[in-house]
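So the structure is just underneath, and the comments pick up after that.
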Amino acid sequence: MKTTPPPSTPNPRITQGVLAVREGPSANCSSIGSVVDTLFVTAAVGGALFAAVAAAVQRERNAIRVVGEPAPVVMEAENEEKTDAPPT
Amino acid sequence: MLDEQPVLVALDHDAVEALGVPRTAVAPGPRPPLEAHVAVTERCGAGCVGCYVDAQPDGHEPALEELEARFRELARLGVFVVALGGGEPTTRDDLGDVVRAAKAHGLSVVATTSGLGLREAQLRALSELTAVNVSYDGSGDAYAEVRGFRGSSGAESAIDRLTRAGVHVGVNVVLTRQSLPHLEKTVLRAVELGAREVQLLRYKPSGRARSLDYLTRRLSREQVLTLGADVEAIITLLHGRARVRIDCALVPLLSMHDPFSDADALSRHGVLGCEAGENLWAVRARGAVAPCSFTGDDSGHALSAAAHDKGLATFRAWNAAPDEPCASCTLFRVCKGGCKVVSSFVSERHGPDPECPRVQAHRKAERDRA
């Protein structure tokens, strides 16, 4: 997920609805890896992280893939053009 | 940090509705894995003493068409990430074709490599990936103590070359009794070479490491008890320079140290414990599905019949009804009972991780009562 400046009016339903954030992917082929340095940030920084994620989710909702949804079969060059597709 | 990598976000129903995602798209029920580890070869000439798959120079190498079919099936299932492993992926002459085959199905593709003898064409192939991790257990003797040969300069060269090629490079650092004392020096060297992530991995008794030597290589009890503080010190040391990850099997070993003991915090930050057979599947070089890269054998079902695979079912069934002390442990929903590869070797059963300090305290209390 790429980020650009947050929307001017964040939707509170989304901002308050972020339950968990997992950064990834890690590149390991043997074990599933999880970022842990965010566990140690201050509450203020942690809150900002979650707010930024909520803003990005809202702004880039057309690029969201739902868990279990088949991945799109497209070549990379076409991938960029798919960002305007309707949400699924 | 959000500019660099994809993010998996869990939202409540209200937020999902606000995004305009149909409720049917997030219906409850069995979910596919988020991540699949795909062995693209069994070949590797490095001969690491602790190789978790016992890779050999003449190991099996599936045809490109077979891998393409596996990627297609994983994409159909809804997998997000495919991690290419082996064996050593860069032994494949057609690695670029393998990468493109996976990417053509919309999968986010990453890989792990030893980096040893990295050829230019393979480097170009790796540069098309979302991220690449190089196995790096330290410089000089520290590397040799884990791998059994002096190969750190090859790994260091790969980190440097991949970084210069613009690749998001991480390093996999296996924590053993011998490598842990060198950890600070190891991660600083990796970051100096360009690594932007450090993934700390538990040593596991699988493949060539499934021997009595495991008992002398695994972290000592004293090391486990201070591991949380050690990881926190590494996070502080690398702050602003590199991210720090832990692997699934380290979750129980850190469970006595705050905030790693806080299930809510771990959940909120997307930390995953043993997800074998759940959010994580592995696909072996011959196409058999397995709960994770360290488990299973070639008798597993093909991906298309994974719903009937006994190995996956065993892990899922235990997670649904774990033994004590995991059943009543506050951390279970994240930890999932720790590493079953360890429990199957050390305790000879699929059960609670015998090296978890919480499990050990519970068993000591039971012995004391008896």
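Simple scheme: letters A, B, ... for chains in structure tokens order, numbers from 1 for residues in each chain, numbers from 1 for ligands in the order shown.
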
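The environment of A:Ser30 within 9 Å, counting only C-alpha atoms and disregarding residues fewer than 4 places along the same chain, consists of B:His37, B:Tyr52, B:Ala83, B:Gly85, B:Thr112, B:Ala282, B:Cys292, B:Ser293, B:Phe294.
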
When the cut-off is 7 Å and we count only C-alpha atoms, which residues of chain A are near chain B, given as a PyMOL selection string?
chain A and resi 1-3+13-14+17-25+27-37+39+58+61+66-76+87-88

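The interatomic distance for the pair atom CA of B:Val334 and atom CA of A:Ser26 works out to 17.8 Å.
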
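For the pair atom CA of B:Ala155 and atom CA of B:Tyr203, the separation is 18.8 Å.
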
If you run DSSP on the backbone, which residues of stretch 117-298 of chain B are strand (DSSP E), as a ChimeraX atom specification?
/B:131-135,169-175,197-202,243-247,280-283,289-290

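Taking atom CA of A:Ala51 and atom CA of B:Ala263 as the two end points, the separation is 21.2 Å.
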